[in-house]
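Coordinates as given in protein22.pdb (PDB, C-alpha atoms):
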```pdb
MODEL        1
ATOM      1  CA  MET A   1     114.075 160.185  35.906
ATOM      2  CA  ALA A   2     113.712 161.170  39.551
ATOM      3  CA  THR A   3     112.127 158.666  41.887
ATOM      4  CA  THR A   4     110.098 159.713  44.895
ATOM      5  CA  GLY A   5     107.524 158.133  47.133
ATOM      6  CA  LYS A   6     107.287 155.536  49.885
ATOM      7  CA  ASN A   7     109.517 152.999  48.119
ATOM      8  CA  TYR A   8     112.535 155.311  48.115
ATOM      9  CA  PRO A   9     114.918 154.495  51.051
ATOM     10  CA  ALA A  10     115.212 157.091  53.772
ATOM     11  CA  VAL A  11     118.437 159.097  53.883
ATOM     12  CA  THR A  12     120.012 159.560  57.314
ATOM     13  CA  SER A  13     122.359 162.426  57.898
ATOM     14  CA  GLY A  14     125.768 161.922  59.484
ATOM     15  CA  PRO A  15     128.487 159.263  59.067
ATOM     16  CA  PRO A  16     127.504 155.700  58.125
ATOM     17  CA  ARG A  17     126.985 153.171  60.878
ATOM     18  CA  PRO A  18     129.708 150.565  61.339
ATOM     19  CA  SER A  19     128.855 147.043  60.223
ATOM     20  CA  LEU A  20     128.039 144.484  62.913
ATOM     21  CA  ILE A  21     130.823 142.093  63.894
ATOM     22  CA  LEU A  22     129.123 138.696  64.030
ATOM     23  CA  GLN A  23     132.212 136.733  65.078
ATOM     24  CA  PRO A  24     135.186 138.682  66.461
ATOM     25  CA  GLY A  25     138.523 137.562  65.106
ATOM     26  CA  LEU A  26     140.561 138.716  68.097
ATOM     27  CA  LEU A  27     141.078 136.435  71.085
ATOM     28  CA  LEU A  28     141.355 137.698  74.628
ATOM     29  CA  PRO A  29     144.707 137.197  76.390
ATOM     30  CA  GLY A  30     145.014 133.605  77.568
ATOM     31  CA  MET A  31     142.584 132.268  74.946
ATOM     32  CA  GLU A  32     143.736 129.884  72.215
ATOM     33  CA  ARG A  33     141.740 128.452  69.307
ATOM     34  CA  TYR A  34     142.476 125.187  67.496
ATOM     35  CA  HIS A  35     140.804 123.819  64.365
ATOM     36  CA  VAL A  36     140.349 120.041  64.109
ATOM     37  CA  PRO A  37     139.207 119.057  60.585
ATOM     38  CA  GLY A  38     136.724 116.277  59.993
ATOM     39  CA  LEU A  39     138.514 112.912  59.908
ATOM     40  CA  GLY A  40     141.432 114.665  61.587
ATOM     41  CA  ALA A  41     143.100 114.941  64.987
ATOM     42  CA  ALA A  42     145.212 117.416  66.922
ATOM     43  CA  LEU A  43     147.712 117.391  69.791
ATOM     44  CA  ILE A  44     147.459 120.175  72.378
ATOM     45  CA  GLU A  45     149.662 120.750  75.422
ATOM     46  CA  ILE A  46     147.550 121.456  78.519
ATOM     47  CA  GLU A  47     148.289 122.702  82.031
ATOM     48  CA  ALA A  48     146.478 122.377  85.352
ATOM     49  CA  GLY A  49     143.607 124.829  85.580
ATOM     50  CA  ASP A  50     143.151 125.230  81.829
ATOM     51  CA  ARG A  51     139.555 125.225  80.568
ATOM     52  CA  VAL A  52     138.993 123.163  77.403
ATOM     53  CA  THR A  53     135.847 123.770  75.339
ATOM     54  CA  VAL A  54     135.006 121.726  72.232
ATOM     55  CA  ARG A  55     132.447 123.227  69.858
ATOM     56  CA  ASN A  56     130.549 121.216  67.254
ATOM     57  CA  LEU A  57     130.659 123.764  64.442
ATOM     58  CA  GLU A  58     128.244 122.210  61.943
ATOM     59  CA  GLY A  59     126.555 119.598  64.129
ATOM     60  CA  GLY A  60     126.409 115.816  63.903
ATOM     61  CA  GLN A  61     130.167 115.334  64.395
ATOM     62  CA  PRO A  62     131.400 112.939  67.139
ATOM     63  CA  CYS A  63     134.438 113.879  69.202
ATOM     64  CA  GLU A  64     136.956 111.750  71.082
ATOM     65  CA  LEU A  65     139.376 113.078  73.696
ATOM     66  CA  VAL A  66     142.392 111.213  75.060
ATOM     67  CA  ALA A  67     144.439 112.858  77.813
ATOM     68  CA  PHE A  68     148.004 111.801  78.610
ATOM     69  CA  ASP A  69     149.906 112.774  81.737
ATOM     70  CA  ALA A  70     153.513 113.979  81.805
ATOM     71  CA  ALA A  71     154.736 110.359  81.874
ATOM     72  CA  GLY A  72     152.790 109.480  78.701
ATOM     73  CA  LYS A  73     150.085 107.456  80.447
ATOM     74  CA  ALA A  74     146.489 107.920  79.290
ATOM     75  CA  ASP A  75     144.251 109.129  82.114
ATOM     76  CA  PRO A  76     140.784 110.674  81.573
ATOM     77  CA  GLY A  77     140.958 111.972  85.151
ATOM     78  CA  ILE A  78     143.152 114.760  83.806
ATOM     79  CA  LEU A  79     139.932 116.162  82.314
ATOM     80  CA  GLY A  80     137.975 115.553  85.511
ATOM     81  CA  THR A  81     135.850 112.804  83.983
ATOM     82  CA  ARG A  82     135.776 109.091  83.140
ATOM     83  CA  SER A  83     136.326 107.288  79.866
ATOM     84  CA  ASN A  84     133.333 105.858  78.001
ATOM     85  CA  SER A  85     134.963 104.629  74.779
ATOM     86  CA  ASP A  86     137.875 102.522  73.560
ATOM     87  CA  ALA A  87     138.930 105.346  71.182
ATOM     88  CA  ALA A  88     137.917 103.201  68.202
ATOM     89  CA  GLY A  89     137.286 106.274  66.053
ATOM     90  CA  LEU A  90     140.739 107.730  66.669
ATOM     91  CA  LYS A  91     142.447 104.378  66.140
ATOM     92  CA  ALA A  92     140.569 103.885  62.863
ATOM     93  CA  LEU A  93     141.824 107.256  61.629
ATOM     94  CA  LEU A  94     145.429 106.216  62.237
ATOM     95  CA  VAL A  95     144.973 102.770  60.670
ATOM     96  CA  ASP A  96     143.397 104.323  57.582
ATOM     97  CA  GLY A  97     146.751 105.799  56.625
ATOM     98  CA  ASP A  98     145.517 109.227  55.524
ATOM     99  CA  GLY A  99     148.521 111.387  54.638
ATOM    100  CA  SER A 100     146.968 114.434  56.310
ATOM    101  CA  LEU A 101     147.625 112.807  59.707
ATOM    102  CA  GLN A 102     151.355 112.456  59.101
ATOM    103  CA  ALA A 103     152.256 115.377  61.353
ATOM    104  CA  PHE A 104     149.905 114.050  64.044
ATOM    105  CA  ARG A 105     151.562 110.626  63.955
ATOM    106  CA  ALA A 106     154.981 112.246  64.163
ATOM    107  CA  GLY A 107     153.835 114.234  67.204
ATOM    108  CA  LEU A 108     152.709 111.060  68.934
ATOM    109  CA  ALA A 109     156.049 109.406  68.178
ATOM    110  CA  ARG A 110     158.081 112.360  69.499
ATOM    111  CA  ARG A 111     156.149 112.284  72.776
ATOM    112  CA  LYS A 112     156.236 108.464  72.906
ATOM    113  CA  LEU A 113     152.453 108.285  73.251
ATOM    114  CA  GLU A 114     150.873 104.895  72.576
ATOM    115  CA  LEU A 115     147.216 104.578  71.550
ATOM    116  CA  GLY A 116     147.008 100.778  71.487
ATOM    117  CA  ARG A 117     145.026 100.264  74.698
ATOM    118  CA  VAL A 118     143.941 103.773  75.596
ATOM    119  CA  GLU A 119     140.374 104.736  76.383
ATOM    120  CA  ALA A 120     138.720 107.967  75.347
ATOM    121  CA  VAL A 121     136.020 110.387  76.386
ATOM    122  CA  ARG A 122     133.521 110.317  73.512
ATOM    123  CA  PHE A 123     130.670 112.805  73.129
ATOM    124  CA  PHE A 124     128.503 114.333  70.415
ATOM    125  CA  ASP A 125     126.710 112.145  67.870
ATOM    126  CA  GLY A 126     124.790 112.370  64.629
ATOM    127  CA  ALA A 127     121.917 114.211  66.300
ATOM    128  CA  THR A 128     124.042 116.920  67.939
ATOM    129  CA  ALA A 129     122.952 120.412  66.939
ATOM    130  CA  ALA A 130     125.395 122.876  65.390
ATOM    131  CA  GLY A 131     127.089 125.083  67.958
ATOM    132  CA  THR A 132     126.797 122.587  70.824
ATOM    133  CA  GLU A 133     129.703 122.776  73.294
ATOM    134  CA  GLU A 134     131.276 120.570  75.970
ATOM    135  CA  SER A 135     133.796 121.906  78.501
ATOM    136  CA  PHE A 136     136.373 120.301  80.784
ATOM    137  CA  THR A 137     138.764 121.655  83.418
ATOM    138  CA  VAL A 138     142.301 120.252  83.383
ATOM    139  CA  THR A 139     143.473 118.888  86.735
ATOM    140  CA  ARG A 140     147.088 118.007  85.838
ATOM    141  CA  PRO A 141     149.515 118.970  83.063
ATOM    142  CA  GLY A 142     149.755 116.721  80.056
ATOM    143  CA  THR A 143     148.922 116.319  76.382
ATOM    144  CA  LEU A 144     145.430 116.285  74.937
ATOM    145  CA  VAL A 145     144.437 114.427  71.784
ATOM    146  CA  VAL A 146     141.300 115.761  70.077
ATOM    147  CA  ALA A 147     139.849 113.680  67.237
ATOM    148  CA  ALA A 148     136.930 114.203  64.863
ATOM    149  CA  PRO A 149     136.392 110.586  63.740
ATOM    150  CA  GLY A 150     134.014 109.342  61.099
ATOM    151  CA  ALA A 151     133.658 107.236  57.980
ATOM    152  CA  ALA A 152     133.428 107.968  54.284
ATOM    153  CA  MET A 153     130.029 109.483  53.486
ATOM    154  CA  ALA A 154     127.614 107.180  51.718
ATOM    155  CA  ILE A 155     126.319 108.488  48.413
ATOM    156  CA  ASP A 156     122.713 108.458  49.652
ATOM    157  CA  SER A 157     123.309 110.106  53.050
ATOM    158  CA  HIS A 158     124.440 113.405  54.561
ATOM    159  CA  ASP A 159     126.776 112.213  57.324
ATOM    160  CA  THR A 160     130.017 113.727  56.116
ATOM    161  CA  SER A 161     132.623 114.459  58.783
ATOM    162  CA  THR A 162     132.869 118.124  59.760
ATOM    163  CA  PRO A 163     135.386 120.203  61.776
ATOM    164  CA  LEU A 164     135.496 120.857  65.505
ATOM    165  CA  ALA A 165     136.721 124.028  67.197
ATOM    166  CA  VAL A 166     138.707 123.724  70.424
ATOM    167  CA  MET A 167     139.013 126.760  72.690
ATOM    168  CA  ILE A 168     141.606 126.736  75.479
ATOM    169  CA  LYS A 169     141.350 129.274  78.289
ATOM    170  CA  ARG A 170     144.747 129.181  79.946
ATOM    171  CA  ALA A 171     144.966 129.330  83.713
ATOM    172  CA  THR A 172     148.313 131.076  83.304
ATOM    173  CA  ILE A 173     148.726 133.529  80.451
ATOM    174  CA  ARG A 174     151.868 132.813  78.503
ATOM    175  CA  PRO A 175     154.130 135.841  77.955
ATOM    176  CA  ALA A 176     154.497 137.233  74.439
ATOM    177  CA  GLY A 177     157.273 135.589  72.485
ATOM    178  CA  LYS A 178     157.080 132.356  74.499
ATOM    179  CA  SER A 179     154.548 130.504  72.332
ATOM    180  CA  ASP A 180     155.124 126.813  71.739
ATOM    181  CA  LEU A 181     155.727 126.023  68.087
ATOM    182  CA  PRO A 182     153.564 123.336  66.458
ATOM    183  CA  ASP A 183     155.160 120.087  65.394
ATOM    184  CA  PRO A 184     156.949 120.366  62.029
ATOM    185  CA  LEU A 185     155.496 118.507  59.062
ATOM    186  CA  ALA A 186     158.751 116.529  58.778
ATOM    187  CA  ASP A 187     162.232 116.454  60.269
ATOM    188  CA  PRO A 188     163.547 119.959  59.450
ATOM    189  CA  LEU A 189     166.758 120.534  57.526
ATOM    190  CA  LEU A 190     166.760 124.232  58.467
ATOM    191  CA  ASP A 191     165.011 125.978  61.362
ATOM    192  CA  LEU A 192     165.133 129.716  60.710
ATOM    193  CA  ARG A 193     163.363 132.366  62.788
ATOM    194  CA  VAL A 194     162.643 135.673  61.071
ATOM    195  CA  LYS A 195     162.428 138.481  63.606
ATOM    196  CA  SER A 196     159.717 141.113  63.260
ATOM    197  CA  LYS A 197     160.441 143.961  60.832
ATOM    198  CA  THR A 198     163.240 141.950  59.185
ATOM    199  CA  ALA A 199     163.716 139.606  56.239
ATOM    200  CA  GLU A 200     165.806 136.482  55.688
ATOM    201  CA  SER A 201     166.842 134.524  52.587
ATOM    202  CA  PHE A 202     167.762 130.848  52.250
ATOM    203  CA  PHE A 203     168.427 128.305  49.510
ATOM    204  CA  VAL A 204     166.098 125.372  48.830
ATOM    205  CA  LYS A 205     166.476 122.423  46.493
ATOM    206  CA  ALA A 206     163.901 120.813  44.236
ATOM    207  CA  GLY A 207     161.641 118.571  46.308
ATOM    208  CA  ASP A 208     162.087 120.528  49.554
ATOM    209  CA  TYR A 209     159.009 121.635  51.480
ATOM    210  CA  ILE A 210     158.755 125.039  53.154
ATOM    211  CA  GLN A 211     156.637 125.434  56.294
ATOM    212  CA  ILE A 212     155.986 128.989  57.513
ATOM    213  CA  ILE A 213     154.672 129.366  61.070
ATOM    214  CA  ASP A 214     153.126 132.481  62.591
ATOM    215  CA  VAL A 215     154.763 132.119  66.004
ATOM    216  CA  ASP A 216     152.789 134.594  68.125
ATOM    217  CA  GLY A 217     149.846 135.242  65.795
ATOM    218  CA  ARG A 218     148.543 138.167  63.723
ATOM    219  CA  GLN A 219     151.790 138.644  61.781
ATOM    220  CA  CYS A 220     151.446 139.116  58.022
ATOM    221  CA  THR A 221     154.133 137.533  55.869
ATOM    222  CA  ASP A 222     155.553 138.414  52.472
ATOM    223  CA  PHE A 223     157.056 135.359  50.788
ATOM    224  CA  GLN A 224     158.950 135.416  47.495
ATOM    225  CA  CYS A 225     161.011 132.758  45.768
ATOM    226  CA  PHE A 226     163.300 132.918  42.754
ATOM    227  CA  SER A 227     164.773 130.378  40.368
ATOM    228  CA  ALA A 228     168.462 129.966  41.168
ATOM    229  CA  ARG A 229     169.276 129.322  37.489
ATOM    230  CA  LYS A 230     167.580 132.547  36.426
ATOM    231  CA  LEU A 231     169.298 134.518  39.175
ATOM    232  CA  ASP A 232     172.656 133.271  37.879
ATOM    233  CA  LYS A 233     171.699 134.823  34.547
ATOM    234  CA  GLY A 234     170.730 138.102  36.177
ATOM    235  CA  ARG A 235     166.972 137.532  35.868
ATOM    236  CA  ASP A 236     165.395 138.247  39.262
ATOM    237  CA  LEU A 237     161.862 137.123  38.371
ATOM    238  CA  ALA A 238     159.886 136.325  41.531
ATOM    239  CA  LEU A 239     157.132 133.748  41.864
ATOM    240  CA  ASP A 240     153.810 135.217  40.691
ATOM    241  CA  VAL A 241     151.634 134.277  43.677
ATOM    242  CA  THR A 242     148.332 135.248  42.067
ATOM    243  CA  ALA A 243     148.948 133.361  38.843
ATOM    244  CA  THR A 244     150.302 130.304  40.678
ATOM    245  CA  ARG A 245     147.286 130.056  42.965
ATOM    246  CA  SER A 246     144.926 130.464  40.017
ATOM    247  CA  LEU A 247     146.643 127.799  37.934
ATOM    248  CA  MET A 248     146.939 125.343  40.869
ATOM    249  CA  GLY A 249     143.357 125.915  42.019
TER     250      GLY A 249
ENDMDL
END
```
So, in terms of structure tokens, how does the structure I just supplied come out?
Amino acid sequence: MATTGKNYPAVTSGPPRPSLILQPGLLLPGMERYHVPGLGAALIEIEAGDRVTVRNLEGGQPCELVAFDAAGKADPGILGTRSNSDAAGLKALLVDGDGSLQAFRAGLARRKLELGRVEAVRFFDGATAAGTEESFTVTRPGTLVVAAPGAAMAIDSHDTSTPLAVMIKRATIRPAGKSDLPDPLADPLLDLRVKSKTAESFFVKAGDYIQIIDVDGRQCTDFQCFSARKLDKGRDLALDVTATRSLMG
């Protein structure tokens, strides 16, 4: 049955209009984005002149910043401000013993950074609106610790910890191929770099962990693994990624 009348949508001639991009995924040269999960922390290398912006993505999430100079001494002056906290939130995260902070602890140890008596710049609170930002300009090179502290949510409240986004606008744009690699999840047994448009193979044992890092960004990766015992029998059956993800949730 044909439908006509005012309720029928108007038809516009010509090609369809492109959909609106609400949040561009591409970053301008010199811009870097870091994700700090709720109840998590991150280490970021900073240089003089860099602009650091912390965004409260969902609102109500406190943030603590601790800046260390090249000698490993905590100094909020690196961010052009003064401390207003004893970094109790960050210290509580480390004392809690959450396994997700293992790489963060290892990064602190490699840089010989001590948090025992440091002071932090704390901002945002439970009343902070979503999307609120705070910015700082780096005065000297060093290492920045960004923490999203909090406590376990009570069953009768809505104060769960939420992520923070950290945007770094570099004063000096780093050349392509010179990106600093993030800290490994553990002491590596093999450090293998796969050049673009190539493939590499390596042998792993049961219990080994594999960490794949997108060095310069926006590089898709095809990963396949095979059972060594089955290969010895001539059965080259690769890991079924779709089925594995479905079964493991």
Record the distance separating CA of Cys220 (chain A) and CA of Thr172 (chain A), expressed in Å with one decimal.
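For CA of Cys220 (chain A) relative to CA of Thr172 (chain A), the distance reads 26.7 Å.
Distances here use only C-alpha atoms; by that measure, the residue among A:Ala199, A:Leu57, A:Val166, A:Ala74 closest to Gly131 (chain A) is A:Leu57.
For Thr137 (chain A), the residues within 6 Å (counting all atoms listed in the file, excluding itself and residues fewer than 5 positions away along the chain) are Asp50, Arg51 and Leu79 of chain A.
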Given the file above and the PyMOL selection byres ((chain A and resi 188) around 12), which residues are selected, and can you give them as a list in words?
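In the shown coordinates, the PyMOL selection byres ((chain A and resi 188) around 12) covers Asp183, Pro184, Leu185, Ala186, Asp187, Leu189, Leu190, Asp191, Leu192, Asp208, Tyr209, Ile210, Gln211 and Ile212 of chain A.
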Starting from the shown file, work through the PyMOL selection byres ((chain A and resi 117) around 10) and note down what comes out as a VMD selection string.
chain A and resid 74 86 to 87 91 114 to 116 118 to 120
Distance of CA of Tyr34 (chain A) from CA of Ser135 (chain A), expressed in Å to one decimal place:
14.4 Å
Selection result for the PyMOL selection byres ((chain A and resi 181) around 12) on this file, as a CSV table (one decimal) with C-alpha atoms, keeping the file's coordinate frame:
```
chain,number,residue,atom,x,y,z
A,43,LEU,CA,147.7,117.4,69.8
A,44,ILE,CA,147.5,120.2,72.4
A,45,GLU,CA,149.7,120.8,75.4
A,107,GLY,CA,153.8,114.2,67.2
A,177,GLY,CA,157.3,135.6,72.5
A,178,LYS,CA,157.1,132.4,74.5
A,179,SER,CA,154.5,130.5,72.3
A,180,ASP,CA,155.1,126.8,71.7
A,182,PRO,CA,153.6,123.3,66.5
A,183,ASP,CA,155.2,120.1,65.4
A,184,PRO,CA,156.9,120.4,62.0
A,185,LEU,CA,155.5,118.5,59.1
A,191,ASP,CA,165.0,126.0,61.4
A,193,ARG,CA,163.4,132.4,62.8
A,211,GLN,CA,156.6,125.4,56.3
A,212,ILE,CA,156.0,129.0,57.5
A,213,ILE,CA,154.7,129.4,61.1
A,214,ASP,CA,153.1,132.5,62.6
A,215,VAL,CA,154.8,132.1,66.0
A,216,ASP,CA,152.8,134.6,68.1
A,217,GLY,CA,149.8,135.2,65.8
```
Quick one: residues within 9 Å of (147.0, 119.9, 78.3) (file frame), counting only C-alpha atoms, please, as a compact mmCIF listing (two decimals) with C-alpha atoms, in the coordinates of the input.
```txt
# COMPACT_ATOMS: atom_id res chain seq x y z
CA LEU A 43 147.71 117.39 69.79
CA ILE A 44 147.46 120.18 72.38
CA GLU A 45 149.66 120.75 75.42
CA ILE A 46 147.55 121.46 78.52
CA GLU A 47 148.29 122.70 82.03
CA ALA A 48 146.48 122.38 85.35
CA ASP A 50 143.15 125.23 81.83
CA VAL A 52 138.99 123.16 77.40
CA ALA A 67 144.44 112.86 77.81
CA PHE A 68 148.00 111.80 78.61
CA ASP A 69 149.91 112.77 81.74
CA ILE A 78 143.15 114.76 83.81
CA LEU A 79 139.93 116.16 82.31
CA VAL A 138 142.30 120.25 83.38
CA ARG A 140 147.09 118.01 85.84
CA PRO A 141 149.51 118.97 83.06
CA GLY A 142 149.76 116.72 80.06
CA THR A 143 148.92 116.32 76.38
CA LEU A 144 145.43 116.28 74.94
CA VAL A 145 144.44 114.43 71.78
```
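One finds CA of Arg55 (chain A) at 28.4 Å from CA of Ala71 (chain A).
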Excluding Ala238 (chain A) and any residue of its chain fewer than 6 positions from it, enumerate the residues within 10 Å of it, using only C-alpha atoms, and give them as a CSV table (one decimal) with C-alpha atoms, in the coordinates of the input.
```csv
chain,number,residue,atom,x,y,z
A,223,PHE,CA,157.1,135.4,50.8
A,224,GLN,CA,159.0,135.4,47.5
A,225,CYS,CA,161.0,132.8,45.8
A,226,PHE,CA,163.3,132.9,42.8
A,227,SER,CA,164.8,130.4,40.4
A,230,LYS,CA,167.6,132.5,36.4
A,231,LEU,CA,169.3,134.5,39.2
```
Taking 4 positions as the minimum chain separation for residues in the same chain, which residues sit within 12 Å of Val36 (chain A) when counting all atoms listed in the file? Answer as a VMD selection string.
chain A and resid 40 to 44 54 to 57 61 to 65 100 to 101 104 145 to 149 161 to 167
From the coordinates supplied, region 150-160 of chain A should be written with all heavy atoms, as a PDB file, in the first residue's frame.
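Dumped everything to result-v8.pdb:
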```
ATOM      1  N   GLY A 150      40.346   7.422  44.744  1.00  0.00           N
ATOM      2  CA  GLY A 150      38.986   7.253  45.219  1.00  0.00           C
ATOM      3  C   GLY A 150      38.904   6.054  46.136  1.00  0.00           C
ATOM      4  O   GLY A 150      39.907   5.414  46.449  1.00  0.00           O
ATOM      5  N   ALA A 151      37.699   5.753  46.569  1.00  0.00           N
ATOM      6  CA  ALA A 151      37.457   4.601  47.436  1.00  0.00           C
ATOM      7  C   ALA A 151      36.406   3.714  46.796  1.00  0.00           C
ATOM      8  O   ALA A 151      35.752   4.096  45.818  1.00  0.00           O
ATOM      9  CB  ALA A 151      37.003   5.071  48.822  1.00  0.00           C
ATOM     10  N   ALA A 152      36.241   2.533  47.364  1.00  0.00           N
ATOM     11  CA  ALA A 152      35.216   1.618  46.862  1.00  0.00           C
ATOM     12  C   ALA A 152      33.836   2.259  47.039  1.00  0.00           C
ATOM     13  O   ALA A 152      33.540   2.847  48.081  1.00  0.00           O
ATOM     14  CB  ALA A 152      35.285   0.294  47.603  1.00  0.00           C
ATOM     15  N   MET A 153      33.001   2.165  46.017  1.00  0.00           N
ATOM     16  CA  MET A 153      31.687   2.799  46.070  1.00  0.00           C
ATOM     17  C   MET A 153      30.786   2.096  47.069  1.00  0.00           C
ATOM     18  O   MET A 153      30.680   0.873  47.081  1.00  0.00           O
ATOM     19  CB  MET A 153      31.039   2.786  44.689  1.00  0.00           C
ATOM     20  CG  MET A 153      29.721   3.543  44.617  1.00  0.00           C
ATOM     21  SD  MET A 153      28.905   3.431  43.001  1.00  0.00           S
ATOM     22  CE  MET A 153      28.311   1.740  43.051  1.00  0.00           C
ATOM     23  N   ALA A 154      30.145   2.896  47.910  1.00  0.00           N
ATOM     24  CA  ALA A 154      29.173   2.341  48.850  1.00  0.00           C
ATOM     25  C   ALA A 154      27.939   1.873  48.087  1.00  0.00           C
ATOM     26  O   ALA A 154      27.589   2.424  47.036  1.00  0.00           O
ATOM     27  CB  ALA A 154      28.794   3.381  49.895  1.00  0.00           C
ATOM     28  N   ILE A 155      27.261   0.876  48.624  1.00  0.00           N
ATOM     29  CA  ILE A 155      26.139   0.284  47.913  1.00  0.00           C
ATOM     30  C   ILE A 155      24.972   1.252  47.766  1.00  0.00           C
ATOM     31  O   ILE A 155      24.137   1.119  46.869  1.00  0.00           O
ATOM     32  CB  ILE A 155      25.686  -1.004  48.639  1.00  0.00           C
ATOM     33  CG1 ILE A 155      24.733  -1.807  47.753  1.00  0.00           C
ATOM     34  CG2 ILE A 155      25.033  -0.668  49.982  1.00  0.00           C
ATOM     35  CD1 ILE A 155      24.407  -3.174  48.294  1.00  0.00           C
ATOM     36  N   ASP A 156      24.891   2.254  48.661  1.00  0.00           N
ATOM     37  CA  ASP A 156      23.773   3.189  48.620  1.00  0.00           C
ATOM     38  C   ASP A 156      24.163   4.563  48.080  1.00  0.00           C
ATOM     39  O   ASP A 156      23.496   5.554  48.339  1.00  0.00           O
ATOM     40  CB  ASP A 156      23.173   3.356  50.026  1.00  0.00           C
ATOM     41  CG  ASP A 156      24.204   3.825  51.034  1.00  0.00           C
ATOM     42  OD1 ASP A 156      25.411   3.777  50.713  1.00  0.00           O
ATOM     43  OD2 ASP A 156      23.807   4.242  52.139  1.00  0.00           O
ATOM     44  N   SER A 157      25.276   4.633  47.333  1.00  0.00           N
ATOM     45  CA  SER A 157      25.731   5.920  46.797  1.00  0.00           C
ATOM     46  C   SER A 157      26.100   5.768  45.325  1.00  0.00           C
ATOM     47  O   SER A 157      26.016   4.682  44.758  1.00  0.00           O
ATOM     48  CB  SER A 157      26.931   6.448  47.584  1.00  0.00           C
ATOM     49  OG  SER A 157      28.048   5.595  47.426  1.00  0.00           O
ATOM     50  N   HIS A 158      26.486   6.889  44.727  1.00  0.00           N
ATOM     51  CA  HIS A 158      26.858   6.896  43.301  1.00  0.00           C
ATOM     52  C   HIS A 158      28.193   7.623  43.132  1.00  0.00           C
ATOM     53  O   HIS A 158      28.340   8.466  42.271  1.00  0.00           O
ATOM     54  CB  HIS A 158      25.773   7.584  42.476  1.00  0.00           C
ATOM     55  CG  HIS A 158      24.439   6.922  42.562  1.00  0.00           C
ATOM     56  ND1 HIS A 158      24.106   5.810  41.825  1.00  0.00           N
ATOM     57  CD2 HIS A 158      23.359   7.198  43.331  1.00  0.00           C
ATOM     58  CE1 HIS A 158      22.873   5.425  42.115  1.00  0.00           C
ATOM     59  NE2 HIS A 158      22.392   6.253  43.029  1.00  0.00           N
ATOM     60  N   ASP A 159      29.168   7.275  43.957  1.00  0.00           N
ATOM     61  CA  ASP A 159      30.458   7.966  43.934  1.00  0.00           C
ATOM     62  C   ASP A 159      31.567   7.068  43.401  1.00  0.00           C
ATOM     63  O   ASP A 159      32.698   7.107  43.884  1.00  0.00           O
ATOM     64  CB  ASP A 159      30.818   8.457  45.341  1.00  0.00           C
ATOM     65  CG  ASP A 159      30.871   7.322  46.358  1.00  0.00           C
ATOM     66  OD1 ASP A 159      30.423   6.203  46.031  1.00  0.00           O
ATOM     67  OD2 ASP A 159      31.356   7.566  47.485  1.00  0.00           O
ATOM     68  N   THR A 160      31.240   6.260  42.414  1.00  0.00           N
ATOM     69  CA  THR A 160      32.265   5.393  41.843  1.00  0.00           C
ATOM     70  C   THR A 160      33.370   6.221  41.182  1.00  0.00           C
ATOM     71  O   THR A 160      33.124   7.325  40.696  1.00  0.00           O
ATOM     72  CB  THR A 160      31.652   4.442  40.800  1.00  0.00           C
ATOM     73  OG1 THR A 160      32.666   3.587  40.296  1.00  0.00           O
ATOM     74  CG2 THR A 160      31.066   5.220  39.636  1.00  0.00           C
TER      75      THR A 160
END
```
